[in-house]
Structures are given as C-alpha cells and as structure tokens.
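Each remark here refers to the structure printed beneath this line.
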Amino acid sequence: MKLRNVAIIAHVDHGKTTLVDRLLQQSGSFRENQKVAERAMDSNDLERERGITILAKATSILWQDTRINIVDTPGHADFGGEVERILNMVDGALVLVDAAEGPLPQTKFVVSKALKMGLKPIVVINKVDRADARPVEVVNEVFDLFAALDATDEQLDFPILYGSAKLGYMATSLEGSKDDGMKPLFDLVLRHVKQPTVEEGPFRLLGTILEANPYLGRIVTGRISSGSIKPNQAVKVLDYDGKLVETGRVTKVLAFRGLERVPVDEAEAGDIVALAGLPEATVAHTICDPSIEVPIHAQPIDPPTLAMTFRVNDSPLAGTEGTKVTGRMIRDRLLREAEGNVALRVRESDDKDSMEVAGRGELQLGILIEQMRREGFELSVSRPKVLLRRNEAGDLEEPIEEVVIDVDEIHSGVVVQKMSERKADMIELRPSGGHRVRLVFHAPTRGLIGYQGELLTDTRGTAIMNRLFHAYAAHKGEIAGRRNGVLISNEQGEAVAYAMFKLEDRGPMMIEPGWKIYRGMIVGEHTRDNDLEINLLKGKQLTNIRTTSKDEAVRLTPPIRMFLEKALAYIEDDELVEVTPKSIRLRKKLLDPTDRKRSERSKETEAAVV
C-alpha cells in the first residue's frame, strides 16, 4: 500500500488538534452516528482542561488507496523535545498558522527544525473566518520567516491552503469553494509529500515516543527505517553510542488505524508502528535485527534551562491527604518520567534526600507536578532556578528567551517598563492591527519566572505572551525579586476567623478560616519587606455581656488564591511549595524559627567573609 508520513506543527492554539479531528471525520474514520469527543487526540485529562497538547500522538487515515500517518505535536516550547523527535519519523509537515496572529515564536522553533531536516512544508492558513483575519499579510510573514531561517529555494516555494479547521474546509485560494471540505488538503499531501524513503537491509527502528500500558508494558513508537517486523521476532536494542541495552522478542506489533492501534501480523519499512515486549527500550534507542551493530543517528535535543528540587513532604500534615509519600516512590516516578521525556533531566541532589529535575520551562515542570499530585503523590518542591553555565573563557552565561507580547496600545508602556526591570532588551515594536502592538524582547529566563500573572494584571487580561529559548548570553546581573515579606504561622491547628480578622492590617491572607495550619507555614503576605510570625489560633475572649455590637459577624477580605504555577513563581529560595492531591500550601524550608535565625546568621557571616 502507498504510504505518507506527515506531522502537523504550529504554535500553541493555532488549531492543530481541531484540524486532525476534521481529517479523521472526513476520511471516514468515524461512523456518521459515532460519538467522538471534541479534540479527540487530546486524551490526557490535563490536555483537555488546559486546551493544549502535551504529548505527541499518531493517528492514521485512509484516503483513496494511500494510508496517511499523521502525528499531532505539542505547540508549547516547553514540550519542544517532543516535536524534535517527531520530525525524525515523517517526510512532510503541515505548518499551521493563525490567519490573524501570524507566525509566533513556537512556529519559528518548529519550522527551523523542519527546514534543517530538509522537509518541504505545506503552509496552512487556518481561522480565515476570524473577523480580524489578515491572510495575505500572514503569508508574507511566513515567507519572511522561512527566508530568515535559511530555507532553500525549493522550501521557499511552499504550497498554501486557506480555510478553517473549525468549519471543516480548506481551499487553494481565498475565494475557493467550501463545499470540498478537506479534500484539497488530502490531495495536496498525496502530491507534495513523498513516499517514505526505505533503506536496504534488515529491520531497524528508532524509538520516538514512549508510553506505559498496564497490559502490554512498555510501548515504543517509531518509523521502520529498513526491513520488516513480525510478532515474536528476535531483536536487540542499541543506545545512542551503539552499546547493547538488551536483547528480546517483540510481543506485539501495533499499527495506527484511525484513533485506535490494532495488532498486525507484519509491518513493512516506512510505516509508523508501536512495539511492545522490550522492558528497557526507550526514546532515541535503536530497535533492530541482532545482526546490526551501528545505531540510527538520533537528533540532539536542546538542553534544559530550568531546574527544581523535588523532595519528600516533611510537614506536620504529611501523609494525611496522599497515598504515595516516600522518597523511593517519588524517585522511581521521576526516573520513569525521564525515560520517556527526553527534554527532562533527573538526577539525585547533593543532599541525597531529594531529586533535581531540569526541564525546558515552568509549564513543563508544573504539568509534571500536577500529574503526580493527581496520581496520589505528596511532595514539596523548591523555587525554579535557572541553569547557568561557563563559556570557554570562564565567563558566566545564562539562558535568554525571545519573548513576543501582543497587547493593547494603552498598556504597552507598563509592559516595556516591567520588562526593562527584568533586564530585557526590546528588539521590535510594531502595530499588529486593531489598536494592538507586538513587542519583541530578548529577556533572561530568570526575569520571566512568575511574570505571566503580573502581565495579565497590568494589562487587564488583554496581553498574550509567547516565549522561546533563544541562546545563552552573558549573565545580566541581579534581578529584583519579591519585595514583600510573608506572614508565618507560629502554631499548629485550625485557623480562627476572629484571629484572621484582627491581623488583616498586617497583610492579605492566603488561607480561609478552618484550614489546617502548622508552625512555619506561610499564611499570608506581609505589607512590609520582612517576615512576621503570627498566631491565627487565638479565639475571641468570652464575656457574660451579650450585645449586638459585641457579637457582630466577622467579615474577612477574600484570600489570595494560590494555584500551582503562581505558588512556584511566588516563593523565595528559603521557601517550598507543599503539593498534595487536595492542597497547595506554601511553607518555609526550615519550619523551626530558631533554625531559620541560625541559618540567616550563618549566611550573613559567609557574606561578611567573602
């Protein structure tokens, strides 16, 4: 059978997953009366809640006499490791671009990777039905982007489709008919994307996607480079350097058919398949015939830029809300995650009772913590810290990101001011239509931690920020952190409304009456720059006088809501976020006030000596 392997790549929220839904529907993969969830490819709960794709997934469509394997990829830069691997196993790419927003940082990232690998993309201008759509300008912007990324003449001569995935049609021109649905896209894929290149020789496959299945064990997905594979066939696994990882037999060969994976008796070179039965094989490993000695070259992955420490939850409330609380459980879960996620690096910390997890950004690490908490884990995590490095001359360098902010003109001043405070350099300022401007900065990753929430507050929720790793550059010096101190509980128990009411003038609270608190837990933000210990367990003194004025109801100001990403950005180096399946609490690393003072004194002594 004829084959085509295609990836759909784009910036986040430009409609990749919706497009796949329409392709599946119009190719006959669903029955007329079949009930299918919206964004069928986003199977993970977190993906559905946040409306983003986190894990790359493959599907397959039969069009005329050709099987088209389609891979839906993530749009967030934090999951860029997934995109890089996917491009290894396809021969073509659909570059999806929003007709109003145009190419954004992640478009630039994925397109640069695709062009470098010699793919000839098809450009799909999506959402042309938007009121603010500007498809002609967007096509010019895409051409400029391709040229800036050193595309060849052949790559610059890209075919273009216009349409709306939501409305279920694509056309070769803006005036094209909507009646043909997705047919123009299918036909263009068959014409423009070449048949998979097949090498001579015995079976070889490069692991690209890894997942765990409760019945089949570890499943590795990839494209067969040469030969064929059958169930029960003997294979061996080679790592990146050609060392033997394991030998074994493939228990199942699964091919993609619509949204399902079905067992097949044999798979040929060029097809994308999933293999079960190899307990050690992982991403970037070569699964091959026992006679092969040289592994398939795997694309190098961009290095992680941010790290966090994951440790056992040792607060007085430990073990009351979660079921997985031991250091060994946390360690095993993180090592398992690192096996399948090549953009993540996990190592044991110097103090041995915690693990350091390094990734591409706050979102990627935040998603991992959220997944663990839903699985029943209790843990405490440190503030994200940027990974610095020294260049050949011995100078300190830090990661710099390209930041694109679309904002209403009236709010552009405050954005420029806040970004300059965070040591960002403005590269570009231009109107983007509808009284909005597009600001482009090069900013240190350190300065961007926690800025998303502040940006939305400053711009009344109208700004859209996109960021992408740019390069390592000279360290930009000190960046001011949180200016306010915190309110710390000095007792353990349940917070009393009366005590909270009496202490409201000290600063806004982060808890509600009746919440369990403990000594060393952060319960609010101090109005001044120092930390303050307070007692929230003190009840009202009872008297035998009953009057309405004395017994009036306590009215409290609503507390600051601390969700996970906000909490990680808020804490300082001497603080932790305690994460359980039911709660997110902030606390001091050292719960005992005497220990905190001792630690502070030793830091001051060290600073004086230096």
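Chain labels A, B, ... are given in the sequence in which chains occur in the structure tokens; within each chain residues are numbered consecutively from 1, and ligands are likewise numbered from 1 in the order shown.
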> What are the DSSP alpha helix (DSSP H) residues of range 445-518 of chain A, as an MDAnalysis selection string?
Replying inline: chainID A and resid 445:448 451:458 497:502
Residues just named, written with C-alpha atoms as a compact mmCIF listing (two decimals), in the first residue's frame:
```txt
# COMPACT_ATOMS: atom_id res chain seq x y z
CA THR A 445 14.78 33.27 31.75
CA ARG A 446 15.37 34.31 35.41
CA GLY A 447 13.44 37.53 34.88
CA LEU A 448 10.43 35.79 33.34
CA TYR A 451 5.80 37.35 35.11
CA GLN A 452 2.78 35.82 33.31
CA GLY A 453 0.36 36.60 36.18
CA GLU A 454 1.75 40.11 36.68
CA LEU A 455 1.43 40.81 32.94
CA LEU A 456 -2.25 39.84 32.93
CA THR A 457 -2.89 42.06 35.96
CA ASP A 458 -1.06 45.04 34.40
CA ALA A 497 -11.78 33.70 61.72
CA TYR A 498 -11.55 36.16 64.66
CA ALA A 499 -7.73 35.97 64.76
CA MET A 500 -7.54 36.41 60.98
CA PHE A 501 -9.83 39.46 61.18
CA LYS A 502 -7.65 41.08 63.87
```
> Which residues come within 12 Å of range 152-157 of chain A, counting only C-alpha atoms, excluding same-chain residues fewer than 5 positions away, as a PyMOL selection string?
Replying inline: chain A and resi 92-93+111-112+114-123+139-140+142-147+192
Atoms kept (C-alpha atoms) for selection, written as a PDB file, in the first residue's frame:
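Saved to again-v7.pdb:
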```pdb
ATOM      1  CA  GLY A  92       6.400  16.102   5.303  1.00  0.00           C
ATOM      2  CA  ALA A  93       4.907  18.745   7.578  1.00  0.00           C
ATOM      3  CA  VAL A 111       9.759  25.422  11.307  1.00  0.00           C
ATOM      4  CA  SER A 112      13.517  25.893  11.904  1.00  0.00           C
ATOM      5  CA  ALA A 114      11.714  21.041   9.981  1.00  0.00           C
ATOM      6  CA  LEU A 115      13.759  23.078   7.463  1.00  0.00           C
ATOM      7  CA  LYS A 116      17.037  21.874   9.000  1.00  0.00           C
ATOM      8  CA  MET A 117      15.932  18.281   8.436  1.00  0.00           C
ATOM      9  CA  GLY A 118      15.205  19.003   4.770  1.00  0.00           C
ATOM     10  CA  LEU A 119      11.393  18.729   4.991  1.00  0.00           C
ATOM     11  CA  LYS A 120       9.367  20.714   2.433  1.00  0.00           C
ATOM     12  CA  PRO A 121       6.419  22.094   4.437  1.00  0.00           C
ATOM     13  CA  ILE A 122       2.874  22.796   3.274  1.00  0.00           C
ATOM     14  CA  VAL A 123       1.622  26.102   4.785  1.00  0.00           C
ATOM     15  CA  VAL A 139       1.529  34.560   4.046  1.00  0.00           C
ATOM     16  CA  ASN A 140       4.173  37.284   3.549  1.00  0.00           C
ATOM     17  CA  VAL A 142       5.574  33.170   6.778  1.00  0.00           C
ATOM     18  CA  PHE A 143       7.725  33.693   3.664  1.00  0.00           C
ATOM     19  CA  ASP A 144       9.942  36.177   5.570  1.00  0.00           C
ATOM     20  CA  LEU A 145      10.256  33.652   8.413  1.00  0.00           C
ATOM     21  CA  PHE A 146      11.301  30.853   6.027  1.00  0.00           C
ATOM     22  CA  ALA A 147      13.867  33.183   4.391  1.00  0.00           C
ATOM     23  CA  HIS A 192       3.560  17.201  -2.326  1.00  0.00           C
TER      24      HIS A 192
END
```
>> Taking only C-alpha atoms into account, name the residue in A:Arg333, A:Arg555, A:His442, A:Lys230 that is nearest to Ala471 in chain A.
In response: A:His442
>> Taking only C-alpha atoms into account, name the residue in A:Gly102, A:Pro399, A:Gly181, A:Gly493 that is nearest to Arg438 in chain A.
In response: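 Using only C-alpha atoms, the shortest distance to Arg438 in chain A belongs to A:Gly102.
Considering the residues A:Thr309, A:Thr282, A:Asn213, A:Asn126 and counting only C-alpha atoms, Ser349 in chain A has its shortest atom-to-atom contact with A:Thr309.
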> Quick one: residues within 10 Å of Val283 in chain A, only C-alpha atoms counted, chain neighbours fewer than 6 positions away excluded, as a ChimeraX atom specification?
Replying inline: /A:85,206-211,220-222,239-240,298,338-342
Write out as a PDB file with N, CA and C atoms, in the first residue's frame each polymer residue whose atoms come within 10 Å of range 523-529 of chain A, counting only C-alpha atoms; drop sequence neighbours fewer than 4 positions from it.
```
ATOM      1  N   ARG A 482      10.841  39.276  44.894  1.00  0.00           N
ATOM      2  CA  ARG A 482       9.651  39.696  45.631  1.00  0.00           C
ATOM      3  C   ARG A 482      10.019  40.763  46.647  1.00  0.00           C
ATOM      4  N   ARG A 483       9.227  41.808  46.706  1.00  0.00           N
ATOM      5  CA  ARG A 483       9.563  42.918  47.618  1.00  0.00           C
ATOM      6  C   ARG A 483       8.972  42.728  49.020  1.00  0.00           C
ATOM      7  N   ASN A 484       7.869  41.993  49.115  1.00  0.00           N
ATOM      8  CA  ASN A 484       7.187  41.834  50.402  1.00  0.00           C
ATOM      9  C   ASN A 484       7.650  40.589  51.146  1.00  0.00           C
ATOM     10  N   GLY A 485       7.612  40.690  52.482  1.00  0.00           N
ATOM     11  CA  GLY A 485       7.854  39.513  53.297  1.00  0.00           C
ATOM     12  C   GLY A 485       6.577  38.692  53.396  1.00  0.00           C
ATOM     13  N   VAL A 486       6.589  37.644  54.237  1.00  0.00           N
ATOM     14  CA  VAL A 486       5.409  36.789  54.373  1.00  0.00           C
ATOM     15  C   VAL A 486       4.971  36.706  55.834  1.00  0.00           C
ATOM     16  N   LEU A 487       3.710  36.307  56.020  1.00  0.00           N
ATOM     17  CA  LEU A 487       3.170  36.061  57.357  1.00  0.00           C
ATOM     18  C   LEU A 487       3.277  34.563  57.618  1.00  0.00           C
ATOM     19  N   ILE A 488       3.902  34.191  58.748  1.00  0.00           N
ATOM     20  CA  ILE A 488       4.176  32.780  59.044  1.00  0.00           C
ATOM     21  C   ILE A 488       3.434  32.371  60.305  1.00  0.00           C
ATOM     22  N   SER A 489       2.768  31.230  60.255  1.00  0.00           N
ATOM     23  CA  SER A 489       2.058  30.727  61.433  1.00  0.00           C
ATOM     24  C   SER A 489       3.072  30.271  62.494  1.00  0.00           C
ATOM     25  N   ALA A 495      -7.168  27.473  61.570  1.00  0.00           N
ATOM     26  CA  ALA A 495      -7.213  28.941  61.572  1.00  0.00           C
ATOM     27  C   ALA A 495      -8.569  29.431  62.079  1.00  0.00           C
ATOM     28  N   MET A 500      -7.858  35.937  62.329  1.00  0.00           N
ATOM     29  CA  MET A 500      -7.537  36.415  60.976  1.00  0.00           C
ATOM     30  C   MET A 500      -8.034  37.843  60.781  1.00  0.00           C
ATOM     31  N   GLU A 504      -5.714  41.354  59.852  1.00  0.00           N
ATOM     32  CA  GLU A 504      -5.841  41.743  58.442  1.00  0.00           C
ATOM     33  C   GLU A 504      -4.983  42.945  58.076  1.00  0.00           C
ATOM     34  N   ASP A 505      -4.748  43.842  59.034  1.00  0.00           N
ATOM     35  CA  ASP A 505      -3.945  45.044  58.722  1.00  0.00           C
ATOM     36  C   ASP A 505      -2.472  44.707  58.479  1.00  0.00           C
ATOM     37  N   ARG A 506      -2.070  43.483  58.843  1.00  0.00           N
ATOM     38  CA  ARG A 506      -0.674  43.062  58.613  1.00  0.00           C
ATOM     39  C   ARG A 506      -0.421  42.647  57.155  1.00  0.00           C
ATOM     40  N   GLY A 507      -1.509  42.351  56.436  1.00  0.00           N
ATOM     41  CA  GLY A 507      -1.357  41.947  55.041  1.00  0.00           C
ATOM     42  C   GLY A 507      -2.422  40.960  54.623  1.00  0.00           C
ATOM     43  N   PRO A 508      -2.616  40.759  53.289  1.00  0.00           N
ATOM     44  CA  PRO A 508      -3.642  39.822  52.805  1.00  0.00           C
ATOM     45  C   PRO A 508      -3.307  38.373  53.153  1.00  0.00           C
ATOM     46  N   MET A 509      -4.356  37.589  53.457  1.00  0.00           N
ATOM     47  CA  MET A 509      -4.169  36.181  53.824  1.00  0.00           C
ATOM     48  C   MET A 509      -4.194  35.285  52.573  1.00  0.00           C
ATOM     49  N   MET A 510      -3.640  34.067  52.737  1.00  0.00           N
ATOM     50  CA  MET A 510      -3.670  33.077  51.652  1.00  0.00           C
ATOM     51  C   MET A 510      -4.496  31.857  52.063  1.00  0.00           C
ATOM     52  N   ILE A 511      -5.118  31.934  53.223  1.00  0.00           N
ATOM     53  CA  ILE A 511      -5.902  30.796  53.732  1.00  0.00           C
ATOM     54  C   ILE A 511      -7.289  31.267  54.133  1.00  0.00           C
ATOM     55  N   GLU A 512      -8.149  30.300  54.465  1.00  0.00           N
ATOM     56  CA  GLU A 512      -9.508  30.616  54.911  1.00  0.00           C
ATOM     57  C   GLU A 512      -9.724  30.064  56.317  1.00  0.00           C
ATOM     58  N   ILE A 517      -3.400  24.564  59.654  1.00  0.00           N
ATOM     59  CA  ILE A 517      -2.124  25.277  59.501  1.00  0.00           C
ATOM     60  C   ILE A 517      -1.109  24.673  60.470  1.00  0.00           C
ATOM     61  N   TYR A 518       0.163  24.967  60.270  1.00  0.00           N
ATOM     62  CA  TYR A 518       1.198  24.462  61.172  1.00  0.00           C
ATOM     63  C   TYR A 518       2.317  25.489  61.303  1.00  0.00           C
ATOM     64  N   GLU A 533       5.978  36.477  62.205  1.00  0.00           N
ATOM     65  CA  GLU A 533       5.272  35.305  62.753  1.00  0.00           C
ATOM     66  C   GLU A 533       4.007  35.766  63.452  1.00  0.00           C
ATOM     67  N   ILE A 534       2.894  35.083  63.160  1.00  0.00           N
ATOM     68  CA  ILE A 534       1.606  35.482  63.751  1.00  0.00           C
ATOM     69  C   ILE A 534       0.882  34.255  64.310  1.00  0.00           C
ATOM     70  N   LEU A 536      -2.694  32.551  64.490  1.00  0.00           N
ATOM     71  CA  LEU A 536      -4.045  32.559  63.913  1.00  0.00           C
ATOM     72  C   LEU A 536      -4.999  31.622  64.657  1.00  0.00           C
ATOM     73  N   PRO A 559      -9.232  35.745  50.390  1.00  0.00           N
ATOM     74  CA  PRO A 559      -7.783  35.479  50.407  1.00  0.00           C
ATOM     75  C   PRO A 559      -7.161  35.473  49.001  1.00  0.00           C
ATOM     76  N   ILE A 560      -5.821  35.555  48.951  1.00  0.00           N
ATOM     77  CA  ILE A 560      -5.092  35.400  47.682  1.00  0.00           C
ATOM     78  C   ILE A 560      -5.150  33.917  47.326  1.00  0.00           C
ATOM     79  N   ARG A 585       0.106  24.251  49.563  1.00  0.00           N
ATOM     80  CA  ARG A 585       0.462  25.136  50.679  1.00  0.00           C
ATOM     81  C   ARG A 585       1.860  25.711  50.458  1.00  0.00           C
ATOM     82  N   LEU A 586       2.102  26.883  51.011  1.00  0.00           N
ATOM     83  CA  LEU A 586       3.437  27.481  50.980  1.00  0.00           C
ATOM     84  C   LEU A 586       4.021  27.373  52.379  1.00  0.00           C
ATOM     85  N   ARG A 587       5.322  27.119  52.466  1.00  0.00           N
ATOM     86  CA  ARG A 587       5.958  26.954  53.782  1.00  0.00           C
ATOM     87  C   ARG A 587       7.415  27.392  53.709  1.00  0.00           C
TER      88      ARG A 587
END
```
Once DSSP has gone over the backbone, tell me which residues of range 120-224 of chain A are in strand (DSSP E or B), as a compact mmCIF listing (two decimals) with N, CA, C and O atoms, in the first residue's frame.
```txt
# COMPACT_ATOMS: atom_id res chain seq x y z
N ILE A 122 4.08 22.23 3.88
CA ILE A 122 2.87 22.80 3.27
C ILE A 122 2.35 23.82 4.28
O ILE A 122 2.21 23.50 5.47
N VAL A 123 2.10 25.06 3.85
CA VAL A 123 1.62 26.10 4.79
C VAL A 123 0.10 26.14 4.73
O VAL A 123 -0.50 26.25 3.66
N VAL A 124 -0.53 26.01 5.91
CA VAL A 124 -2.00 26.04 6.02
C VAL A 124 -2.38 27.28 6.83
O VAL A 124 -2.05 27.38 8.02
N ILE A 125 -3.04 28.24 6.16
CA ILE A 125 -3.51 29.45 6.86
C ILE A 125 -4.88 29.12 7.43
O ILE A 125 -5.87 29.03 6.69
N ASN A 126 -4.94 28.93 8.75
CA ASN A 126 -6.17 28.49 9.43
C ASN A 126 -6.92 29.69 10.02
O ASN A 126 -6.35 30.76 10.18
N ILE A 160 0.28 26.63 -0.56
CA ILE A 160 -0.52 27.28 0.50
C ILE A 160 -1.98 26.84 0.40
O ILE A 160 -2.54 26.74 -0.69
N LEU A 161 -2.58 26.59 1.57
CA LEU A 161 -4.02 26.33 1.66
C LEU A 161 -4.64 27.34 2.61
O LEU A 161 -4.01 27.75 3.59
N TYR A 162 -5.88 27.74 2.34
CA TYR A 162 -6.61 28.68 3.21
C TYR A 162 -7.89 27.99 3.67
O TYR A 162 -8.55 27.30 2.88
N GLY A 163 -8.25 28.20 4.93
CA GLY A 163 -9.51 27.60 5.37
C GLY A 163 -9.73 27.72 6.86
O GLY A 163 -9.08 28.53 7.55
N SER A 164 -10.65 26.91 7.36
CA SER A 164 -10.99 26.91 8.79
C SER A 164 -11.20 25.47 9.24
O SER A 164 -12.14 24.81 8.77
N TYR A 169 -13.22 23.05 6.36
CA TYR A 169 -12.89 23.14 4.93
C TYR A 169 -11.51 23.75 4.71
O TYR A 169 -11.00 24.49 5.56
N MET A 170 -10.90 23.43 3.58
CA MET A 170 -9.64 24.01 3.12
C MET A 170 -9.76 24.29 1.62
O MET A 170 -10.47 23.55 0.91
N ALA A 171 -9.10 25.33 1.13
CA ALA A 171 -9.15 25.66 -0.30
C ALA A 171 -7.78 26.17 -0.74
O ALA A 171 -6.99 26.64 0.07
N GLU A 199 15.40 2.18 3.37
CA GLU A 199 16.78 1.73 3.19
C GLU A 199 16.81 0.21 3.04
O GLU A 199 15.92 -0.49 3.50
N ARG A 204 15.27 -2.18 11.24
CA ARG A 204 15.78 -1.12 12.13
C ARG A 204 14.67 -0.11 12.39
O ARG A 204 13.93 0.24 11.48
N LEU A 205 14.56 0.35 13.65
CA LEU A 205 13.55 1.35 14.02
C LEU A 205 14.14 2.24 15.12
O LEU A 205 14.74 1.73 16.07
N LEU A 206 13.97 3.55 15.00
CA LEU A 206 14.43 4.49 16.04
C LEU A 206 13.26 4.84 16.95
O LEU A 206 12.22 5.32 16.48
N ILE A 209 8.48 7.77 20.44
CA ILE A 209 7.50 8.07 21.51
C ILE A 209 7.47 6.86 22.44
O ILE A 209 7.49 5.72 21.98
N LEU A 210 7.42 7.12 23.74
CA LEU A 210 7.39 6.03 24.73
C LEU A 210 6.16 6.17 25.61
O LEU A 210 5.80 7.28 26.00
N GLU A 211 5.51 5.07 25.92
CA GLU A 211 4.40 5.11 26.87
C GLU A 211 4.31 3.78 27.61
O GLU A 211 4.86 2.76 27.15
N ALA A 212 3.65 3.80 28.75
CA ALA A 212 3.48 2.57 29.54
C ALA A 212 2.03 2.12 29.41
O ALA A 212 1.11 2.93 29.51
N ASN A 213 1.84 0.82 29.18
CA ASN A 213 0.49 0.26 29.06
C ASN A 213 0.32 -0.79 30.16
O ASN A 213 1.19 -1.64 30.35
N GLY A 217 2.81 -3.51 28.92
CA GLY A 217 4.10 -2.99 29.42
C GLY A 217 4.54 -1.79 28.61
O GLY A 217 3.72 -1.02 28.12
N ARG A 218 5.85 -1.66 28.44
CA ARG A 218 6.39 -0.51 27.73
C ARG A 218 6.13 -0.61 26.22
O ARG A 218 6.37 -1.65 25.62
N ILE A 219 5.63 0.49 25.63
CA ILE A 219 5.37 0.52 24.18
C ILE A 219 6.21 1.63 23.56
O ILE A 219 6.15 2.78 24.00
N VAL A 220 6.99 1.26 22.55
CA VAL A 220 7.85 2.24 21.86
C VAL A 220 7.32 2.43 20.44
O VAL A 220 7.11 1.46 19.71
N THR A 221 7.08 3.71 20.08
CA THR A 221 6.58 4.02 18.73
C THR A 221 7.70 4.63 17.90
O THR A 221 8.49 5.42 18.41
N GLY A 222 7.76 4.27 16.62
CA GLY A 222 8.76 4.85 15.73
C GLY A 222 8.49 4.44 14.30
O GLY A 222 7.54 3.69 14.02
N ARG A 223 9.32 4.93 13.38
CA ARG A 223 9.16 4.57 11.98
C ARG A 223 10.18 3.49 11.62
O ARG A 223 11.35 3.60 12.00
N ILE A 224 9.75 2.49 10.88
CA ILE A 224 10.67 1.42 10.45
C ILE A 224 11.55 1.97 9.32
O ILE A 224 11.04 2.38 8.27
```
> If you count only C-alpha atoms, which residues fall within 8 Å of Leu468 in chain A, apart from same-chain ones fewer than 3 positions away, as a ChimeraX atom specification?
Replying inline: /A:77,105-106,109,401-403
> How many Å lie between CA of Lys243 in chain A and CA of Arg328 in chain A, rounded to one decimal?
Replying inline: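 Here the two named atoms are 28.4 Å from each other.
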> Between CA of Ala474 in chain A and CA of Leu396 in chain A, what is the spacing in Å?
Replying inline: 6.2 Å
>> I'd like the neighbourhood of range 420-434 of chain A as an NGL selection string, where a residue qualifies if any of its atoms comes within 12 Å (using only C-alpha atoms), though same-chain residues fewer than 3 positions away should be ignored.
In response: :A and (100-102 or 131-134 or 137-138 or 400-409 or 412-417 or 437-451 or 474-481)
Okay, now the selection with C-alpha atoms, as a PDB file, in the first residue's frame?
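Output below, filename result-v4.pdb:
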```pdb
ATOM      1  CA  ALA A 100      -4.902  36.780  12.497  1.00  0.00           C
ATOM      2  CA  GLU A 101      -1.926  36.141  14.803  1.00  0.00           C
ATOM      3  CA  GLY A 102       0.537  35.093  12.093  1.00  0.00           C
ATOM      4  CA  ALA A 131     -13.147  38.913  11.999  1.00  0.00           C
ATOM      5  CA  ASP A 132      -9.554  40.164  12.373  1.00  0.00           C
ATOM      6  CA  ALA A 133      -8.064  37.694   9.834  1.00  0.00           C
ATOM      7  CA  ARG A 134      -5.312  39.097   7.539  1.00  0.00           C
ATOM      8  CA  GLU A 137      -0.094  39.662   5.249  1.00  0.00           C
ATOM      9  CA  VAL A 138       0.343  36.407   7.186  1.00  0.00           C
ATOM     10  CA  ILE A 400      17.974  34.161  27.116  1.00  0.00           C
ATOM     11  CA  GLU A 401      14.466  33.813  25.682  1.00  0.00           C
ATOM     12  CA  GLU A 402      12.760  35.538  22.792  1.00  0.00           C
ATOM     13  CA  VAL A 403       9.516  36.968  24.187  1.00  0.00           C
ATOM     14  CA  VAL A 404       6.665  38.178  21.957  1.00  0.00           C
ATOM     15  CA  ILE A 405       3.897  40.123  23.708  1.00  0.00           C
ATOM     16  CA  ASP A 406       0.703  41.196  21.867  1.00  0.00           C
ATOM     17  CA  VAL A 407      -1.021  43.917  23.880  1.00  0.00           C
ATOM     18  CA  ASP A 408      -3.445  46.859  23.571  1.00  0.00           C
ATOM     19  CA  GLU A 409      -1.590  50.112  22.784  1.00  0.00           C
ATOM     20  CA  SER A 412       2.316  48.909  26.114  1.00  0.00           C
ATOM     21  CA  GLY A 413       4.100  51.436  28.389  1.00  0.00           C
ATOM     22  CA  VAL A 414       3.739  49.359  31.572  1.00  0.00           C
ATOM     23  CA  VAL A 415       4.856  46.195  29.719  1.00  0.00           C
ATOM     24  CA  VAL A 416       8.039  47.903  28.417  1.00  0.00           C
ATOM     25  CA  GLN A 417       8.774  49.258  31.932  1.00  0.00           C
ATOM     26  CA  VAL A 437       1.027  46.365  19.250  1.00  0.00           C
ATOM     27  CA  ARG A 438       3.507  43.497  19.098  1.00  0.00           C
ATOM     28  CA  LEU A 439       6.555  43.854  21.370  1.00  0.00           C
ATOM     29  CA  VAL A 440       9.556  41.559  20.910  1.00  0.00           C
ATOM     30  CA  PHE A 441      12.187  41.244  23.683  1.00  0.00           C
ATOM     31  CA  HIS A 442      15.276  39.210  24.444  1.00  0.00           C
ATOM     32  CA  ALA A 443      14.938  38.524  28.176  1.00  0.00           C
ATOM     33  CA  PRO A 444      16.808  36.340  30.693  1.00  0.00           C
ATOM     34  CA  THR A 445      14.784  33.274  31.751  1.00  0.00           C
ATOM     35  CA  ARG A 446      15.370  34.306  35.411  1.00  0.00           C
ATOM     36  CA  GLY A 447      13.435  37.531  34.882  1.00  0.00           C
ATOM     37  CA  LEU A 448      10.425  35.786  33.344  1.00  0.00           C
ATOM     38  CA  ILE A 449       9.708  33.437  36.265  1.00  0.00           C
ATOM     39  CA  GLY A 450       6.307  34.497  37.590  1.00  0.00           C
ATOM     40  CA  TYR A 451       5.799  37.346  35.108  1.00  0.00           C
ATOM     41  CA  ALA A 474      26.499  36.898  29.310  1.00  0.00           C
ATOM     42  CA  HIS A 475      24.946  36.970  32.807  1.00  0.00           C
ATOM     43  CA  LYS A 476      22.880  40.164  33.202  1.00  0.00           C
ATOM     44  CA  GLY A 477      23.441  40.688  36.940  1.00  0.00           C
ATOM     45  CA  GLU A 478      20.990  40.921  39.847  1.00  0.00           C
ATOM     46  CA  ILE A 479      17.231  40.997  39.141  1.00  0.00           C
ATOM     47  CA  ALA A 480      14.951  42.254  41.921  1.00  0.00           C
ATOM     48  CA  GLY A 481      12.717  39.524  43.387  1.00  0.00           C
TER      49      GLY A 481
END
```
Residues near Ile61 in chain A, anyone? I mean within 6 Å using only C-alpha atoms, not counting same-chain ones fewer than 5 positions away, as a PDB file with N, CA and C atoms, in the first residue's frame.
```pdb
ATOM      1  N   ARG A  67      -2.408   5.217   2.647  1.00  0.00           N
ATOM      2  CA  ARG A  67      -2.519   5.388   4.104  1.00  0.00           C
ATOM      3  C   ARG A  67      -1.667   6.577   4.532  1.00  0.00           C
ATOM      4  N   ILE A  68      -2.293   7.547   5.187  1.00  0.00           N
ATOM      5  CA  ILE A  68      -1.570   8.744   5.646  1.00  0.00           C
ATOM      6  C   ILE A  68      -1.425   8.648   7.163  1.00  0.00           C
ATOM      7  N   GLY A 258      -7.028   4.969  12.324  1.00  0.00           N
ATOM      8  CA  GLY A 258      -7.890   5.990  12.933  1.00  0.00           C
ATOM      9  C   GLY A 258      -7.347   6.333  14.309  1.00  0.00           C
TER      10      GLY A 258
END
```
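When CA of Asn69 in chain A is paired with CA of Thr197 in chain A, their separation reads 14.4 Å.
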> Pick from A:Ala393, A:Ile292, A:Val6, A:Leu317: nearest to Asp271 in chain A, with only C-alpha atoms counted?
Replying inline: A:Val6
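Considering only C-alpha atoms, the residue among A:Tyr215, A:Lys352, A:Val357, A:Asp21 positioned nearest to Leu335 in chain A is A:Val357.
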